[in-house]
>>> print(open('coords-v8.cif').read())   # mmCIF, C-alpha atoms
data_input
#
loop_
_atom_site.label_atom_id
_atom_site.label_comp_id
_atom_site.auth_asym_id
_atom_site.auth_seq_id
_atom_site.Cartn_x
_atom_site.Cartn_y
_atom_site.Cartn_z
CA MET A 1 0.19 20.95 -11.35
CA VAL A 2 1.35 17.83 -13.17
CA TYR A 3 2.68 14.72 -11.45
CA LEU A 4 5.38 12.76 -13.22
CA THR A 5 6.34 9.28 -12.06
CA ARG A 6 9.39 7.27 -12.99
CA ARG A 7 9.85 3.63 -12.02
CA VAL A 8 13.13 1.80 -11.44
CA GLU A 9 13.93 -1.58 -9.96
CA PHE A 10 16.72 -2.84 -7.78
CA SER A 11 17.49 -6.10 -6.06
CA ALA A 12 19.00 -6.22 -2.61
CA SER A 13 19.23 -8.30 0.53
CA HIS A 14 18.57 -7.37 4.13
CA LEU A 15 17.75 -8.70 7.56
CA TYR A 16 15.87 -7.29 10.52
CA HIS A 17 17.75 -7.39 13.80
CA ASN A 18 17.81 -4.99 16.73
CA PRO A 19 20.93 -5.53 18.86
CA ALA A 20 19.06 -4.05 21.85
CA PHE A 21 16.61 -6.98 21.74
CA SER A 22 17.32 -10.49 23.05
CA PRO A 23 17.59 -13.26 20.43
CA GLU A 24 14.10 -14.45 21.44
CA GLU A 25 12.66 -10.96 21.12
CA ASN A 26 14.28 -10.49 17.70
CA ARG A 27 12.70 -13.72 16.52
CA ARG A 28 9.34 -12.83 18.03
CA VAL A 29 9.20 -9.32 16.54
CA PHE A 30 10.88 -9.93 13.19
CA GLY A 31 10.04 -13.57 12.49
CA LYS A 32 11.83 -15.08 9.54
CA CYS A 33 13.14 -11.63 8.57
CA ASN A 34 15.54 -12.11 11.49
CA ASN A 35 17.45 -14.89 9.67
CA PRO A 36 21.10 -13.83 10.26
CA HIS A 37 22.10 -14.69 6.71
CA GLY A 38 19.55 -12.25 5.31
CA HIS A 39 17.21 -12.63 2.35
CA GLY A 40 16.41 -10.52 -0.69
CA HIS A 41 13.75 -8.79 -2.71
CA ASN A 42 13.25 -7.24 -6.12
CA TYR A 43 12.32 -3.74 -5.07
CA VAL A 44 10.31 -1.47 -7.34
CA LEU A 45 10.70 2.24 -6.72
CA GLU A 46 8.27 4.82 -8.11
CA VAL A 47 9.35 8.43 -7.75
CA THR A 48 6.75 11.14 -8.35
CA VAL A 49 7.75 14.74 -9.02
CA ALA A 50 5.15 17.52 -9.01
CA GLY A 51 5.48 20.72 -10.97
CA GLU A 52 4.26 23.00 -13.71
CA PRO A 53 5.59 22.04 -17.15
CA ASP A 54 8.12 24.55 -18.48
CA PRO A 55 6.32 26.26 -21.41
CA ARG A 56 9.49 26.11 -23.54
CA THR A 57 10.05 22.36 -23.17
CA GLY A 58 6.64 21.08 -22.06
CA MET A 59 8.43 19.19 -19.27
CA VAL A 60 8.12 19.20 -15.48
CA LEU A 61 11.75 18.13 -15.44
CA ASP A 62 14.13 16.48 -17.83
CA LEU A 63 13.55 12.73 -17.52
CA LYS A 64 17.16 12.10 -18.44
CA GLU A 65 18.22 14.13 -15.42
CA LEU A 66 15.79 12.23 -13.16
CA LYS A 67 17.09 8.96 -14.58
CA ASP A 68 20.68 10.02 -13.81
CA ILE A 69 19.74 11.09 -10.27
CA LEU A 70 18.02 7.74 -9.62
CA GLN A 71 21.00 5.86 -11.02
CA ARG A 72 23.55 7.81 -8.98
CA GLU A 73 21.68 8.25 -5.70
CA ILE A 74 19.71 5.01 -5.46
CA LEU A 75 20.77 2.25 -7.86
CA ASP A 76 24.52 2.73 -7.47
CA ARG A 77 24.00 2.67 -3.70
CA MET A 78 21.43 -0.09 -3.28
CA ASP A 79 21.28 -2.39 -6.31
CA HIS A 80 22.77 -5.82 -5.61
CA ARG A 81 23.82 -4.79 -2.11
CA PHE A 82 23.26 -6.12 1.37
CA LEU A 83 21.39 -3.10 2.68
CA ASN A 84 22.35 -3.47 6.36
CA TYR A 85 26.08 -3.53 5.70
CA GLU A 86 26.70 -1.71 2.44
CA VAL A 87 24.43 1.35 2.49
CA PRO A 88 25.68 4.01 4.93
CA GLU A 89 22.26 5.72 5.07
CA LEU A 90 20.78 2.52 6.54
CA ALA A 91 23.61 1.69 8.94
CA GLY A 92 22.33 0.96 12.42
CA LYS A 93 18.69 1.05 11.27
CA ILE A 94 16.22 -1.74 10.63
CA PRO A 95 15.96 -1.70 6.81
CA THR A 96 12.21 -2.20 6.58
CA THR A 97 10.34 -0.89 3.56
CA GLU A 98 9.39 2.13 5.69
CA THR A 99 13.02 2.87 6.60
CA ILE A 100 14.35 2.39 3.05
CA ALA A 101 11.60 4.58 1.58
CA MET A 102 12.40 7.36 4.08
CA ALA A 103 16.12 7.09 3.28
CA ILE A 104 15.32 7.32 -0.44
CA TRP A 105 13.20 10.42 0.20
CA GLN A 106 16.11 12.04 2.10
CA LEU A 107 18.53 11.21 -0.71
CA LEU A 108 16.32 12.44 -3.54
CA GLU A 109 14.56 15.46 -2.09
CA PRO A 110 17.58 17.82 -2.23
CA ARG A 111 18.54 16.63 -5.73
CA ILE A 112 15.25 17.45 -7.46
CA ARG A 113 15.73 21.02 -8.62
CA GLN A 114 12.94 21.31 -11.19
CA GLY A 115 9.54 20.63 -9.70
CA ARG A 116 9.48 19.12 -6.22
CA LEU A 117 9.56 15.59 -4.93
CA HIS A 118 5.96 14.63 -4.22
CA ARG A 119 6.02 10.95 -3.34
CA VAL A 120 8.38 8.03 -3.00
CA ARG A 121 6.61 4.68 -3.37
CA LEU A 122 8.67 1.59 -2.67
CA TYR A 123 7.38 -1.93 -3.33
CA GLU A 124 9.10 -4.74 -1.46
CA THR A 125 6.72 -7.21 -3.10
CA PRO A 126 3.65 -6.56 -5.26
CA ASP A 127 1.56 -6.87 -2.09
CA LEU A 128 3.60 -4.67 0.24
CA PHE A 129 4.56 -1.09 -0.44
CA VAL A 130 5.19 2.16 1.40
CA ASP A 131 4.47 5.74 0.37
CA CYS A 132 6.59 8.58 1.72
CA MET A 133 5.33 12.09 1.29
CA GLY A 134 6.78 15.37 2.49
CA ASN A 135 4.96 17.35 5.14
CA GLY A 136 1.51 15.84 4.66
CA ARG A 137 -0.05 15.73 1.21
CA MET B 1 7.44 13.16 6.58
CA LYS B 2 4.30 11.08 6.25
CA VAL B 3 4.70 7.34 5.79
CA VAL B 4 1.82 5.16 4.58
CA LEU B 5 2.18 1.39 4.53
CA HIS B 6 0.07 -0.52 2.02
CA ARG B 7 -0.59 -4.23 2.16
CA ARG B 8 -2.69 -6.16 -0.32
CA TYR B 9 -4.88 -9.17 0.44
CA ARG B 10 -6.96 -11.37 -1.83
CA PHE B 11 -10.36 -12.96 -1.40
CA SER B 12 -12.86 -14.50 -3.75
CA ALA B 13 -16.56 -14.05 -3.23
CA SER B 14 -19.86 -13.93 -5.05
CA HIS B 15 -22.52 -11.26 -4.94
CA ARG B 16 -25.61 -10.01 -6.65
CA LEU B 17 -26.52 -6.37 -7.20
CA HIS B 18 -30.22 -6.17 -6.52
CA GLN B 19 -32.53 -3.82 -4.64
CA PRO B 20 -35.43 -5.78 -3.15
CA GLY B 21 -37.66 -2.70 -3.25
CA TRP B 22 -37.33 -2.38 -7.03
CA SER B 23 -39.07 -4.29 -9.77
CA GLN B 24 -37.13 -6.94 -11.64
CA GLN B 25 -37.20 -4.64 -14.65
CA GLU B 26 -35.75 -1.73 -12.68
CA ASN B 27 -33.00 -3.94 -11.20
CA GLN B 28 -32.15 -5.22 -14.64
CA ARG B 29 -32.04 -1.69 -16.04
CA VAL B 30 -29.73 -0.35 -13.29
CA TYR B 31 -27.50 -3.32 -12.58
CA GLY B 32 -27.61 -5.23 -15.87
CA LYS B 33 -26.14 -8.70 -15.68
CA CYS B 34 -24.94 -8.02 -12.11
CA ALA B 35 -28.61 -8.43 -11.12
CA ASN B 36 -28.75 -12.05 -12.32
CA GLU B 37 -30.70 -14.09 -9.82
CA TYR B 38 -28.00 -16.58 -8.88
CA GLY B 39 -25.18 -14.07 -8.41
CA HIS B 40 -21.65 -14.17 -9.77
CA GLY B 41 -18.16 -13.86 -8.32
CA HIS B 42 -14.89 -11.92 -8.37
CA ASN B 43 -11.32 -12.24 -7.20
CA TYR B 44 -11.10 -9.17 -5.01
CA VAL B 45 -7.86 -7.45 -4.01
CA LEU B 46 -8.06 -5.45 -0.79
CA ASP B 47 -5.43 -2.72 -0.27
CA VAL B 48 -5.12 -1.53 3.33
CA GLY B 49 -3.26 1.78 3.79
CA LEU B 50 -2.05 2.58 7.31
CA THR B 51 -0.12 5.53 8.66
CA GLY B 52 1.61 6.45 11.89
CA PRO B 53 5.05 7.06 13.33
CA VAL B 54 7.80 4.63 12.36
CA ASP B 55 9.02 2.96 15.56
CA PRO B 56 12.83 3.40 15.59
CA ALA B 57 13.26 0.09 17.44
CA THR B 58 11.57 -1.91 14.70
CA GLY B 59 11.59 0.41 11.66
CA MET B 60 7.87 -0.29 11.30
CA VAL B 61 4.57 1.58 11.13
CA THR B 62 3.01 -1.67 12.27
CA ASN B 63 4.19 -5.25 12.52
CA LEU B 64 2.93 -7.12 9.46
CA ALA B 65 2.32 -10.24 11.52
CA ASP B 66 -0.18 -8.24 13.64
CA LEU B 67 -1.77 -6.74 10.53
CA ASP B 68 -2.04 -10.08 8.72
CA ALA B 69 -3.65 -11.72 11.75
CA TYR B 70 -6.10 -8.82 12.10
CA ILE B 71 -7.11 -8.84 8.43
CA GLU B 72 -7.47 -12.60 8.48
CA ARG B 73 -9.76 -12.42 11.50
CA GLU B 74 -11.73 -9.27 10.60
CA VAL B 75 -12.05 -9.67 6.84
CA LEU B 76 -10.82 -12.81 5.16
CA ALA B 77 -12.42 -15.30 7.54
CA GLU B 78 -15.78 -13.74 6.77
CA PHE B 79 -15.40 -12.53 3.16
CA ASP B 80 -13.39 -15.26 1.43
CA HIS B 81 -15.35 -17.89 -0.50
CA VAL B 82 -18.79 -16.74 0.55
CA TYR B 83 -21.91 -15.28 -1.02
CA LEU B 84 -21.66 -11.73 0.29
CA ASN B 85 -25.38 -10.92 0.12
CA GLU B 86 -26.36 -13.77 2.42
CA GLN B 87 -23.29 -14.52 4.50
CA VAL B 88 -21.96 -11.09 5.51
CA ALA B 89 -24.49 -9.46 7.80
CA ALA B 90 -23.84 -5.92 6.56
CA PHE B 91 -24.94 -6.85 3.03
CA ARG B 92 -28.29 -8.33 3.98
CA SER B 93 -29.63 -4.77 3.81
CA LEU B 94 -26.97 -3.06 1.67
CA VAL B 95 -26.15 -3.72 -1.99
CA PRO B 96 -22.64 -5.22 -2.06
CA THR B 97 -21.20 -2.97 -4.74
CA ALA B 98 -17.46 -2.43 -4.45
CA GLU B 99 -18.22 1.11 -3.23
CA ASN B 100 -20.33 -0.17 -0.35
CA MET B 101 -17.80 -2.91 0.35
CA CYS B 102 -15.07 -0.26 0.69
CA ARG B 103 -17.13 1.65 3.24
CA VAL B 104 -18.01 -1.46 5.23
CA LEU B 105 -14.37 -2.58 5.21
CA PHE B 106 -13.17 0.89 6.21
CA GLU B 107 -15.52 0.98 9.20
CA ARG B 108 -14.37 -2.48 10.21
CA LEU B 109 -10.64 -1.77 9.88
CA ARG B 110 -10.53 1.67 11.47
CA ALA B 111 -10.45 -0.09 14.85
CA TYR B 112 -7.01 -1.56 14.04
CA PRO B 113 -5.09 -0.76 17.22
CA HIS B 114 -1.49 -0.41 15.99
CA ALA B 115 -1.70 2.29 13.28
CA ARG B 116 -4.20 4.75 11.82
CA LEU B 117 -6.27 3.59 8.87
CA GLU B 118 -5.66 5.90 5.92
CA THR B 119 -7.33 4.22 2.95
CA VAL B 120 -9.15 1.08 1.94
CA GLY B 121 -8.75 0.13 -1.70
CA LEU B 122 -10.66 -2.62 -3.45
CA GLU B 123 -10.05 -4.06 -6.90
CA GLU B 124 -13.08 -5.96 -8.12
CA THR B 125 -11.40 -6.87 -11.40
CA GLY B 126 -8.18 -5.71 -13.02
CA ALA B 127 -10.20 -2.99 -14.71
CA ASN B 128 -12.27 -1.68 -11.78
CA SER B 129 -10.78 -0.34 -8.58
CA PHE B 130 -12.16 1.74 -5.74
CA GLU B 131 -10.69 3.65 -2.82
CA TYR B 132 -12.27 5.05 0.32
CA ALA B 133 -10.52 7.27 2.83
CA GLY B 134 -13.35 7.89 5.27
CA GLU B 135 -15.30 11.12 5.36
CA SER B 136 -12.74 13.35 7.11
CA ARG B 137 -10.37 13.68 4.14
CA GLU B 138 -13.20 14.34 1.72
CA ASN B 139 -14.37 17.24 3.87
CA ALA B 140 -10.87 18.61 4.45
#
>>> encode(input="coords-v8.cif", output="structure tokens")
Amino acid sequence: MVYLTRRVEFSASHLYHNPAFSPEENRRVFGKCNNPHGHGHNYVLEVTVAGEPDPRTGMVLDLKELKDILQREILDRMDHRFLNYEVPELAGKIPTTETIAMAIWQLLEPRIRQGRLHRVRLYETPDLFVDCMGNGR
Amino acid sequence: MKVVLHRRYRFSASHRLHQPGWSQQENQRVYGKCANEYGHGHNYVLDVGLTGPVDPATGMVTNLADLDAYIEREVLAEFDHVYLNEQVAAFRSLVPTAENMCRVLFERLRAYPHARLETVGLEETGANSFEYAGESRENA
């Protein structure tokens, strides 16, 4: 098995707010992430696909195809967007790194047809990132 | 789906790799310049990996404010800007290699109450990094 990882970046804004919480509770739980005007990050996404290289091409999957999938499914949806309001997959959810990474997994998993999606790693900052993996490792 | 949250923290500390039961020659042979009598220091990067269900009300595995406060209290307050061999009790009788530091940190952080500790990673320099996941995964 070979693991192939491709990295892309996108920039987006978000805020954390649960309408079921009181204003005080929102501020207590979410701190400055509760700022109603939102704030932004430069996200770094690393997508790892696992598979056996095709003996004819030597590739787990065609990187051009993976690049196109990431462009279409993730960057076109999330780059330079306000995640809470402009990304349907995140509507009504708190767009934490955990939530965004899970949404990215759900978007990509059915699109990877050669090899299989192994891990989605999403960095919100260099010091905070989330790994999503399918049923265990 | 399994979700693992990683957060990185920095501390700077000095240490000396030296086994008191060995001769100076033996220490020098095994640890090289890391055995120098007066110690030396590193800028360490600690990577804490935590897993657990994502709370739908908050979207979080754990609240980072809770995690930051815990790491500050349990690790940074004791490990930052100290001489590890003398000032962290665990290393008075254990060589503070990055490997041993990972194990000590793992044992300390597994008590974190809001999520399950998955891994402890430690970068000693940009070129050397270490990861410990406890014994259960190694035996699995």
>>> atom_distance(input="coords-v8.cif", atom1="CA of Thr97 in chain A", atom2="CA of Glu124 in chain A")
6.4 Å
>>> closest_residue(input="coords-v8.cif", among="B:Gln19, B:Ala111, B:Asn100, B:Leu5", to="Asp47 in chain B", atoms="all atoms listed in the file")
B:Leu5
>>> residues_around(input="coords-v8.cif", residues="Val2 in chain A", least_positions_apart="4", cutoff="8 Å", atoms="all atoms listed in the file", output="list in words")
Ala50, Gly51, Glu52, Pro53 and Val60 of chain A
>>> interface_residues(input="coords-v8.cif", of="chain A", to="chain B", cutoff="6 Å", atoms="only C-alpha atoms", output="PyMOL selection string")
chain A and resi 94+96+99+127-136
>>> write_last_selection(input="coords-v8.cif", atoms="C-alpha atoms", output="PDB file, in the coordinates of the input")
ATOM      1  CA  ILE A  94      16.220  -1.740  10.630  1.00  0.00           C
ATOM      2  CA  THR A  96      12.210  -2.200   6.580  1.00  0.00           C
ATOM      3  CA  THR A  99      13.020   2.870   6.600  1.00  0.00           C
ATOM      4  CA  ASP A 127       1.560  -6.870  -2.090  1.00  0.00           C
ATOM      5  CA  LEU A 128       3.600  -4.670   0.240  1.00  0.00           C
ATOM      6  CA  PHE A 129       4.560  -1.090  -0.440  1.00  0.00           C
ATOM      7  CA  VAL A 130       5.190   2.160   1.400  1.00  0.00           C
ATOM      8  CA  ASP A 131       4.470   5.740   0.370  1.00  0.00           C
ATOM      9  CA  CYS A 132       6.590   8.580   1.720  1.00  0.00           C
ATOM     10  CA  MET A 133       5.330  12.090   1.290  1.00  0.00           C
ATOM     11  CA  GLY A 134       6.780  15.370   2.490  1.00  0.00           C
ATOM     12  CA  ASN A 135       4.960  17.350   5.140  1.00  0.00           C
ATOM     13  CA  GLY A 136       1.510  15.840   4.660  1.00  0.00           C
TER      14      GLY A 136
END
>>> residues_around(input="coords-v8.cif", residues="range 25-42 of chain B", least_positions_apart="6", cutoff="10 Å", atoms="only C-alpha atoms", output="list in words")
Phe11, Ser12, Ala13, Ser14, His15, Arg16, Leu17, His18, Gln19, His81, Val82, Tyr83, Leu84, Asn85, Thr97, Glu123, Glu124 and Thr125 of chain B
